[in-house]
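K.L.:
Next comes model23.pdb, PDB, C-alpha atoms:
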ATOM      1  CA  MET A   1      88.840 138.483  86.966
ATOM      2  CA  LYS A   2      91.738 138.753  84.585
ATOM      3  CA  MET A   3      92.546 142.187  86.012
ATOM      4  CA  VAL A   4      92.581 140.872  89.576
ATOM      5  CA  VAL A   5      94.777 137.976  88.566
ATOM      6  CA  GLN A   6      97.171 140.321  86.884
ATOM      7  CA  THR A   7      97.279 142.602  89.921
ATOM      8  CA  VAL A   8      97.931 139.787  92.318
ATOM      9  CA  TYR A   9     100.615 138.478  90.025
ATOM     10  CA  ASN A  10     102.261 141.862  89.777
ATOM     11  CA  ASN A  11     102.129 142.295  93.522
ATOM     12  CA  SER A  12     104.488 139.383  93.563
ATOM     13  CA  ILE A  13     102.815 136.842  95.739
ATOM     14  CA  ILE A  14     104.493 134.156  93.690
ATOM     15  CA  PRO A  15     108.182 135.050  93.640
ATOM     16  CA  GLN A  16     108.797 133.566  97.083
ATOM     17  CA  HIS A  17     108.739 130.135  95.425
ATOM     18  CA  THR A  18     110.359 130.946  92.163
ATOM     19  CA  SER A  19     113.865 130.046  93.246
ATOM     20  CA  ASN A  20     112.919 126.455  92.474
ATOM     21  CA  PRO A  21     113.226 125.869  88.730
ATOM     22  CA  ILE A  22     110.396 123.343  88.590
ATOM     23  CA  ILE A  23     107.922 125.629  90.352
ATOM     24  CA  LYS A  24     109.118 128.490  88.231
ATOM     25  CA  SER A  25     108.542 126.794  84.908
ATOM     26  CA  PHE A  26     105.263 125.371  86.187
ATOM     27  CA  LEU A  27     103.991 128.853  86.949
ATOM     28  CA  GLU A  28     105.288 130.196  83.679
ATOM     29  CA  GLN A  29     102.379 128.493  81.974
ATOM     30  CA  GLU A  30      99.422 130.819  82.027
ATOM     31  CA  SER A  31      96.841 128.134  82.802
ATOM     32  CA  ASN A  32      98.812 126.995  85.852
ATOM     33  CA  ARG A  33      99.277 130.537  87.043
ATOM     34  CA  ILE A  34      95.538 131.069  86.911
ATOM     35  CA  LEU A  35      94.934 127.873  88.891
ATOM     36  CA  TYR A  36      97.395 129.015  91.509
ATOM     37  CA  LEU A  37      95.924 132.488  91.814
ATOM     38  CA  ASN A  38      92.438 131.042  91.856
ATOM     39  CA  LEU A  39      93.425 129.088  94.914
ATOM     40  CA  LEU A  40      94.958 132.114  96.596
ATOM     41  CA  LEU A  41      91.868 134.218  95.964
ATOM     42  CA  ASN A  42      89.428 131.492  96.706
ATOM     43  CA  PRO A  43      90.943 128.775  98.889
ATOM     44  CA  SER A  44      88.782 125.730  98.512
ATOM     45  CA  ARG A  45      89.372 122.042  98.324
ATOM     46  CA  ALA A  46      88.360 121.819  94.686
ATOM     47  CA  ASN A  47      90.761 124.570  93.712
ATOM     48  CA  LYS A  48      93.588 122.945  95.591
ATOM     49  CA  GLU A  49      92.936 119.635  93.898
ATOM     50  CA  ALA A  50      92.859 121.268  90.506
ATOM     51  CA  LEU A  51      96.230 122.843  91.163
ATOM     52  CA  ASP A  52      97.662 119.634  92.579
ATOM     53  CA  ASN A  53      96.532 117.617  89.605
ATOM     54  CA  ALA A  54      97.966 120.096  87.144
ATOM     55  CA  PHE A  55     101.226 120.074  89.035
ATOM     56  CA  LYS A  56     101.371 116.308  89.238
ATOM     57  CA  LEU A  57     100.918 115.991  85.512
ATOM     58  CA  PHE A  58     103.542 118.619  84.927
ATOM     59  CA  TYR A  59     105.967 116.893  87.253
ATOM     60  CA  TYR A  60     105.251 113.522  85.674
ATOM     61  CA  GLU A  61     106.183 114.936  82.302
ATOM     62  CA  ILE A  62     109.461 116.196  83.693
ATOM     63  CA  ARG A  63     110.185 112.793  85.173
ATOM     64  CA  LEU A  64     109.385 111.065  81.906
ATOM     65  CA  THR A  65     111.593 113.433  79.967
ATOM     66  CA  LYS A  66     114.479 112.987  82.334
ATOM     67  CA  TYR A  67     114.079 109.230  82.319
ATOM     68  CA  ALA A  68     113.800 109.020  78.548
ATOM     69  CA  SER A  69     116.767 111.218  77.907
ATOM     70  CA  THR A  70     119.005 109.255  80.281
ATOM     71  CA  LEU A  71     117.776 106.013  78.796
ATOM     72  CA  ILE A  72     118.490 107.119  75.251
ATOM     73  CA  HIS A  73     121.967 108.228  76.198
ATOM     74  CA  ASN A  74     122.921 105.024  77.989
ATOM     75  CA  TYR A  75     121.142 102.657  75.670
ATOM     76  CA  THR A  76     122.774 104.165  72.604
ATOM     77  CA  ILE A  77     126.179 103.553  74.109
ATOM     78  CA  ASP A  78     125.169  99.956  74.844
ATOM     79  CA  CYS A  79     123.890  99.492  71.322
ATOM     80  CA  ILE A  80     127.035 100.849  69.739
ATOM     81  CA  LYS A  81     129.127  98.446  71.772
ATOM     82  CA  ARG A  82     126.863  95.546  70.977
ATOM     83  CA  TYR A  83     126.880  96.165  67.249
ATOM     84  CA  ARG A  84     130.619  96.625  67.188
ATOM     85  CA  ARG A  85     131.075  93.308  68.956
ATOM     86  CA  HIS A  86     128.622  91.649  66.633
ATOM     87  CA  VAL A  87     130.411  92.892  63.543
ATOM     88  CA  GLU A  88     133.753  91.737  64.910
ATOM     89  CA  ARG A  89     132.499  88.247  65.681
ATOM     90  CA  HIS A  90     130.366  87.656  62.646
ATOM     91  CA  LEU A  91     132.502  88.672  59.753
ATOM     92  CA  TYR A  92     131.429  87.578  56.332
ATOM     93  CA  ILE A  93     133.510  84.591  55.340
ATOM     94  CA  LEU A  94     135.182  86.461  52.512
ATOM     95  CA  ASP A  95     136.256  89.286  54.810
ATOM     96  CA  LYS A  96     138.033  87.034  57.299
ATOM     97  CA  LYS A  97     141.768  87.295  57.605
ATOM     98  CA  MET A  98     143.490  84.321  56.049
ATOM     99  CA  SER A  99     146.680  84.005  58.047
ATOM    100  CA  ASP A 100     149.116  86.328  59.753
ATOM    101  CA  ASP A 101     149.143  88.910  57.030
ATOM    102  CA  ASP A 102     146.316  91.314  56.387
ATOM    103  CA  SER A 103     145.029  89.712  53.221
ATOM    104  CA  THR A 104     141.513  88.300  53.126
ATOM    105  CA  LEU A 105     139.825  85.663  51.027
ATOM    106  CA  MET A 106     138.147  88.471  49.168
ATOM    107  CA  ASP A 107     141.506  89.658  47.896
ATOM    108  CA  LEU A 108     142.028  86.375  46.080
ATOM    109  CA  LEU A 109     138.707  86.619  44.372
ATOM    110  CA  VAL A 110     138.933  90.142  43.083
ATOM    111  CA  ALA A 111     139.434  90.016  39.351
ATOM    112  CA  GLU A 112     141.971  92.066  37.556
ATOM    113  CA  GLU A 113     140.550  95.361  36.517
ATOM    114  CA  SER A 114     140.923  94.898  32.809
ATOM    115  CA  SER A 115     138.841  91.727  32.792
ATOM    116  CA  ILE A 116     135.739  93.435  34.181
ATOM    117  CA  PRO A 117     133.715  94.912  31.344
ATOM    118  CA  GLU A 118     132.258  97.728  33.448
ATOM    119  CA  LYS A 119     135.719  98.770  34.561
ATOM    120  CA  ALA A 120     136.935  98.781  30.998
ATOM    121  CA  LEU A 121     134.061 101.021  30.007
ATOM    122  CA  GLU A 122     134.730 103.295  32.954
ATOM    123  CA  ASN A 123     138.267 103.752  31.854
ATOM    124  CA  TYR A 124     137.091 104.543  28.406
ATOM    125  CA  TYR A 125     135.087 107.517  29.610
ATOM    126  CA  ASP A 126     137.906 109.748  30.568
ATOM    127  CA  THR A 127     137.133 113.093  28.982
ATOM    128  CA  PHE A 128     134.014 115.150  28.546
ATOM    129  CA  ASP A 129     134.115 114.609  24.775
ATOM    130  CA  GLN A 130     133.593 110.927  25.330
ATOM    131  CA  CYS A 131     130.746 111.047  27.755
ATOM    132  CA  ILE A 132     128.649 114.068  26.807
ATOM    133  CA  GLU A 133     126.502 113.855  23.735
ATOM    134  CA  ASN A 134     124.786 117.192  24.060
ATOM    135  CA  GLU A 135     126.840 119.623  21.997
ATOM    136  CA  LYS A 136     125.514 122.701  23.735
ATOM    137  CA  LEU A 137     126.577 121.334  27.096
ATOM    138  CA  LEU A 138     129.956 120.291  25.781
ATOM    139  CA  LYS A 139     130.523 123.748  24.385
ATOM    140  CA  ALA A 140     129.487 125.319  27.686
ATOM    141  CA  ILE A 141     131.889 123.087  29.578
ATOM    142  CA  ASN A 142     134.737 123.890  27.250
ATOM    143  CA  GLU A 143     134.173 127.568  27.958
ATOM    144  CA  LEU A 144     134.836 127.047  31.676
ATOM    145  CA  THR A 145     138.243 127.673  33.200
ATOM    146  CA  SER A 146     140.572 124.707  33.377
ATOM    147  CA  LYS A 147     140.214 124.424  37.129
ATOM    148  CA  GLN A 148     136.449 124.386  36.904
ATOM    149  CA  ARG A 149     136.640 121.691  34.245
ATOM    150  CA  GLN A 150     138.980 119.701  36.441
ATOM    151  CA  ILE A 151     136.599 119.846  39.381
ATOM    152  CA  LEU A 152     133.723 118.672  37.204
ATOM    153  CA  LYS A 153     135.834 115.862  35.815
ATOM    154  CA  LEU A 154     137.032 114.633  39.190
ATOM    155  CA  TYR A 155     133.530 114.765  40.614
ATOM    156  CA  TYR A 156     131.437 113.349  37.802
ATOM    157  CA  ILE A 157     133.805 111.202  35.760
ATOM    158  CA  ASN A 158     136.244 109.950  38.371
ATOM    159  CA  GLY A 159     133.593 109.858  41.087
ATOM    160  CA  MET A 160     135.688 111.539  43.745
ATOM    161  CA  SER A 161     134.008 113.085  46.771
ATOM    162  CA  ILE A 162     134.039 116.829  47.381
ATOM    163  CA  LYS A 163     136.221 116.156  50.396
ATOM    164  CA  ASN A 164     138.856 114.333  48.364
ATOM    165  CA  ILE A 165     138.792 116.934  45.647
ATOM    166  CA  ALA A 166     139.450 119.546  48.314
ATOM    167  CA  VAL A 167     142.480 117.578  49.466
ATOM    168  CA  PHE A 168     143.608 117.302  45.850
ATOM    169  CA  PHE A 169     143.524 121.066  45.368
ATOM    170  CA  GLY A 170     144.655 121.816  48.900
ATOM    171  CA  GLU A 171     141.548 123.861  49.628
ATOM    172  CA  THR A 172     138.686 123.573  52.064
ATOM    173  CA  SER A 173     135.773 121.381  51.087
ATOM    174  CA  GLN A 174     133.363 124.287  51.606
ATOM    175  CA  ASN A 175     135.280 126.161  48.990
ATOM    176  CA  ILE A 176     135.114 123.313  46.477
ATOM    177  CA  SER A 177     131.450 122.759  47.213
ATOM    178  CA  LYS A 178     130.706 126.420  46.564
ATOM    179  CA  THR A 179     132.719 126.419  43.355
ATOM    180  CA  HIS A 180     130.925 123.286  42.253
ATOM    181  CA  LYS A 181     127.548 124.906  42.826
ATOM    182  CA  ARG A 182     128.659 128.023  40.986
ATOM    183  CA  ILE A 183     129.776 125.949  37.997
ATOM    184  CA  LEU A 184     126.448 124.175  37.822
ATOM    185  CA  LYS A 185     124.604 127.475  37.960
ATOM    186  CA  LYS A 186     126.764 128.843  35.190
ATOM    187  CA  LEU A 187     126.177 125.815  32.987
ATOM    188  CA  TYR A 188     122.480 125.951  33.691
ATOM    189  CA  LYS A 189     122.332 129.595  32.682
ATOM    190  CA  LYS A 190     124.183 128.912  29.459
ATOM    191  CA  MET A 191     121.963 125.993  28.580
ATOM    192  CA  GLU A 192     118.884 128.073  29.219
ATOM    193  CA  GLY A 193     120.172 131.167  27.468
ATOM    194  CA  GLU A 194     120.870 129.645  24.088
TER     195      GLU A 194
ATOM    196  CA  MET B   1      84.037 115.342  92.489
ATOM    197  CA  SER B   2      87.553 115.523  91.239
ATOM    198  CA  VAL B   3      89.290 112.865  89.222
ATOM    199  CA  ASN B   4      92.703 111.430  89.913
ATOM    200  CA  PHE B   5      94.393 112.012  86.578
ATOM    201  CA  PHE B   6      96.636 109.022  86.899
ATOM    202  CA  GLU B   7      93.749 106.632  87.084
ATOM    203  CA  VAL B   8      92.751 107.645  83.575
ATOM    204  CA  PRO B   9      94.978 105.596  81.249
ATOM    205  CA  GLU B  10      94.472 107.932  78.302
ATOM    206  CA  ILE B  11      95.977 110.872  80.120
ATOM    207  CA  VAL B  12      99.056 108.931  81.181
ATOM    208  CA  ASN B  13      99.451 107.406  77.739
ATOM    209  CA  THR B  14      99.091 110.743  76.009
ATOM    210  CA  LYS B  15     101.817 112.171  78.190
ATOM    211  CA  ARG B  16     104.066 109.215  77.437
ATOM    212  CA  ARG B  17     103.514 109.499  73.712
ATOM    213  CA  LYS B  18     104.110 113.228  73.795
ATOM    214  CA  VAL B  19     107.412 112.826  75.613
ATOM    215  CA  ILE B  20     108.585 110.045  73.298
ATOM    216  CA  GLN B  21     107.735 112.105  70.262
ATOM    217  CA  ARG B  22     109.652 115.007  71.653
ATOM    218  CA  MET B  23     112.676 112.725  72.102
ATOM    219  CA  GLU B  24     112.964 111.879  68.391
ATOM    220  CA  PRO B  25     115.587 114.492  67.551
ATOM    221  CA  LYS B  26     117.660 113.401  70.522
ATOM    222  CA  ILE B  27     117.556 109.796  69.359
ATOM    223  CA  ARG B  28     118.608 110.791  65.887
ATOM    224  CA  LYS B  29     121.414 112.908  67.245
ATOM    225  CA  SER B  30     122.689 110.232  69.587
ATOM    226  CA  ILE B  31     123.058 107.644  66.828
ATOM    227  CA  ASN B  32     124.926 110.005  64.585
ATOM    228  CA  SER B  33     128.232 108.311  65.275
ATOM    229  CA  ILE B  34     127.031 104.871  64.204
ATOM    230  CA  PRO B  35     127.751 103.572  60.689
ATOM    231  CA  VAL B  36     124.786 104.304  58.434
ATOM    232  CA  GLU B  37     124.018 100.666  57.742
ATOM    233  CA  TYR B  38     123.183  99.958  61.399
ATOM    234  CA  ARG B  39     121.600 103.276  62.203
ATOM    235  CA  GLU B  40     118.063 102.308  61.337
ATOM    236  CA  ASP B  41     118.233  99.098  63.339
ATOM    237  CA  ILE B  42     119.576 100.835  66.387
ATOM    238  CA  GLU B  43     117.018 103.613  66.106
ATOM    239  CA  GLN B  44     114.281 101.011  66.196
ATOM    240  CA  ASP B  45     115.942  99.237  69.089
ATOM    241  CA  ILE B  46     116.037 102.414  71.099
ATOM    242  CA  LYS B  47     112.437 103.330  70.347
ATOM    243  CA  LEU B  48     111.232  99.876  71.274
ATOM    244  CA  LYS B  49     113.156 100.008  74.511
ATOM    245  CA  LEU B  50     111.757 103.448  75.217
ATOM    246  CA  TYR B  51     108.156 102.407  74.616
ATOM    247  CA  LYS B  52     108.604  99.400  76.852
ATOM    248  CA  SER B  53     110.297 101.178  79.688
ATOM    249  CA  VAL B  54     108.363 104.416  80.077
ATOM    250  CA  GLU B  55     105.967 102.266  82.045
ATOM    251  CA  ASN B  56     108.635 102.019  84.729
ATOM    252  CA  VAL B  57     108.399 105.701  85.467
ATOM    253  CA  ASP B  58     106.439 105.842  88.668
ATOM    254  CA  TYR B  59     103.687 108.372  89.171
ATOM    255  CA  LYS B  60     102.235 107.190  92.456
ATOM    256  CA  ASP B  61     104.666 109.094  94.628
ATOM    257  CA  ILE B  62     104.502 112.358  92.744
ATOM    258  CA  PRO B  63     103.881 115.176  95.211
ATOM    259  CA  GLY B  64     101.175 117.814  94.886
ATOM    260  CA  PHE B  65     102.051 121.457  94.527
ATOM    261  CA  PHE B  66     102.308 122.292  98.225
ATOM    262  CA  GLU B  67     103.806 118.956  99.163
ATOM    263  CA  PHE B  68     106.500 119.671  96.649
ATOM    264  CA  LEU B  69     107.168 123.084  98.188
ATOM    265  CA  GLU B  70     107.417 121.494 101.627
ATOM    266  CA  LEU B  71     109.759 118.789 100.372
ATOM    267  CA  ASN B  72     112.035 121.351  98.816
ATOM    268  CA  LYS B  73     112.095 123.537 101.882
ATOM    269  CA  GLU B  74     113.566 120.723 103.918
ATOM    270  CA  GLY B  75     116.016 119.738 101.240
TER     271      GLY B  75
END
When written as structure tokens, how does the structure in this file appear?

P.N.:
Amino acid sequence: MKMVVQTVYNNSIIPQHTSNPIIKSFLEQESNRILYLNLLLNPSRANKEALDNAFKLFYYEIRLTKYASTLIHNYTIDCIKRYRRHVERHLYILDKKMSDDDSTLMDLLVAEESSIPEKALENYYDTFDQCIENEKLLKAINELTSKQRQILKLYYINGMSIKNIAVFFGETSQNISKTHKRILKKLYKKMEGE
Amino acid sequence: MSVNFFEVPEIVNTKRRKVIQRMEPKIRKSINSIPVEYREDIEQDIKLKLYKSVENVDYKDIPGFFEFLELNKEG
């Protein structure tokens, strides 16, 4: 049977329909192809129904997919608009603008940096000596080049993002990210080695 | 005796679930531009909407194989 099916298929009974993309992809599935050829070889009502049902299901899936994908596209746009409007209208009280200038209530409430204990501590940790207790690690870091140390410092102590560090050095962020990874690897090796 | 597939709810529902599952990456991609804090909410919104509205997709007028060929010949 398989041989016959293959022969009929190769003798290109099907290609007359294949200009239509839906028919084409329908017949690309082996099970559907067999149903179709079954009908050609043995035209009976049952075979036709089997093919029709398979096709209907297939077509239904296409419809669903099309529908869902359009819906997602349009609904996302709606949602974005809705949320933007919502955020504009329902600002937190502290974020509201006070008068004509751009200042908000929040600005009045923000304490001066020196009076916040955490901030004071943050400022205290400014060099690696101050914030690394492990001597091995400190030694390893001190053996790095000054640029590598600077990247580490900006990233871990000052909390800058890779992107900002890249701007700082005037390089691409991929470059900084790679360097950063290389530094970590190097440190890791040194820590393991000794 | 053949069965009309669309009268069997499981078959239709399975198809629907399958399609919705396949749409997940598209949903995630489409909400990429939204601020992270709202992303999860909107993702749920979209999924809910999707689950509710796949029922609107009609299957009663879907043509059979040869009907479809006929329809496309004319068009």

K.L.:
First collect every listed atom of stretch 52-61 of chain A; then fit an axis-aligned box around them, widen it by 6 Å on each side, and give centre and edge lengths in Å to one decimal, as JSON.

P.N.:
{"center_x": 101.4, "center_y": 116.8, "center_z": 87.4, "size_x": 21.7, "size_y": 18.6, "size_z": 22.3}

K.L.:
Written as number ranges by chain, what is the full residue list that the PyMOL selection byres ((chain B) within 7 of (chain A)) yields on the file shown?

P.N.:
B: 5, 15, 19, 27, 30-31, 34, 42, 46, 50, 54, 57, 59, 62-65

K.L.:
Counting all atoms listed in the file, which residue out of B:Lys49, B:Phe68, B:Glu43, B:Asn56 sits closest to B:Glu24?

P.N.:
B:Glu43

K.L.:
Quote the spacing between atom CA of A:Ile132 and atom CA of A:Ile157 in Å to one decimal place.

P.N.:
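Distance between the two atoms: 10.7 Å.
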
K.L.:
In Å, how far is it from atom CA of A:Arg89 to atom CA of B:Glu37?

P.N.:
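Calculated distance between atom CA of A:Arg89 and atom CA of B:Glu37 is 17.0 Å.
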
K.L.:
Neighbours of stretch 135-144 of chain A within 12 Å (only C-alpha atoms; same-chain residues fewer than 4 positions away dropped), as a PDB file with C-alpha atoms, keeping the file's coordinate frame?

P.N.:
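Dumped everything to selection-v1.pdb:
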ATOM      1  CA  THR A 127     137.133 113.093  28.982  1.00  0.00           C
ATOM      2  CA  PHE A 128     134.014 115.150  28.546  1.00  0.00           C
ATOM      3  CA  ASP A 129     134.115 114.609  24.775  1.00  0.00           C
ATOM      4  CA  GLN A 130     133.593 110.927  25.330  1.00  0.00           C
ATOM      5  CA  CYS A 131     130.746 111.047  27.755  1.00  0.00           C
ATOM      6  CA  GLN A 148     136.449 124.386  36.904  1.00  0.00           C
ATOM      7  CA  ARG A 149     136.640 121.691  34.245  1.00  0.00           C
ATOM      8  CA  GLN A 150     138.980 119.701  36.441  1.00  0.00           C
ATOM      9  CA  ILE A 151     136.599 119.846  39.381  1.00  0.00           C
ATOM     10  CA  LEU A 152     133.723 118.672  37.204  1.00  0.00           C
ATOM     11  CA  LYS A 153     135.834 115.862  35.815  1.00  0.00           C
ATOM     12  CA  THR A 179     132.719 126.419  43.355  1.00  0.00           C
ATOM     13  CA  HIS A 180     130.925 123.286  42.253  1.00  0.00           C
ATOM     14  CA  ARG A 182     128.659 128.023  40.986  1.00  0.00           C
ATOM     15  CA  ILE A 183     129.776 125.949  37.997  1.00  0.00           C
ATOM     16  CA  LEU A 184     126.448 124.175  37.822  1.00  0.00           C
ATOM     17  CA  LYS A 185     124.604 127.475  37.960  1.00  0.00           C
ATOM     18  CA  LYS A 186     126.764 128.843  35.190  1.00  0.00           C
ATOM     19  CA  LEU A 187     126.177 125.815  32.987  1.00  0.00           C
ATOM     20  CA  TYR A 188     122.480 125.951  33.691  1.00  0.00           C
ATOM     21  CA  LYS A 189     122.332 129.595  32.682  1.00  0.00           C
ATOM     22  CA  LYS A 190     124.183 128.912  29.459  1.00  0.00           C
ATOM     23  CA  MET A 191     121.963 125.993  28.580  1.00  0.00           C
ATOM     24  CA  GLU A 192     118.884 128.073  29.219  1.00  0.00           C
ATOM     25  CA  GLY A 193     120.172 131.167  27.468  1.00  0.00           C
ATOM     26  CA  GLU A 194     120.870 129.645  24.088  1.00  0.00           C
TER      27      GLU A 194
END

K.L.:
By how many Å are atom CA of B:Glu40 and atom CA of A:Glu88 apart?

P.N.:
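Atom CA of B:Glu40 sits 19.3 Å away from atom CA of A:Glu88.
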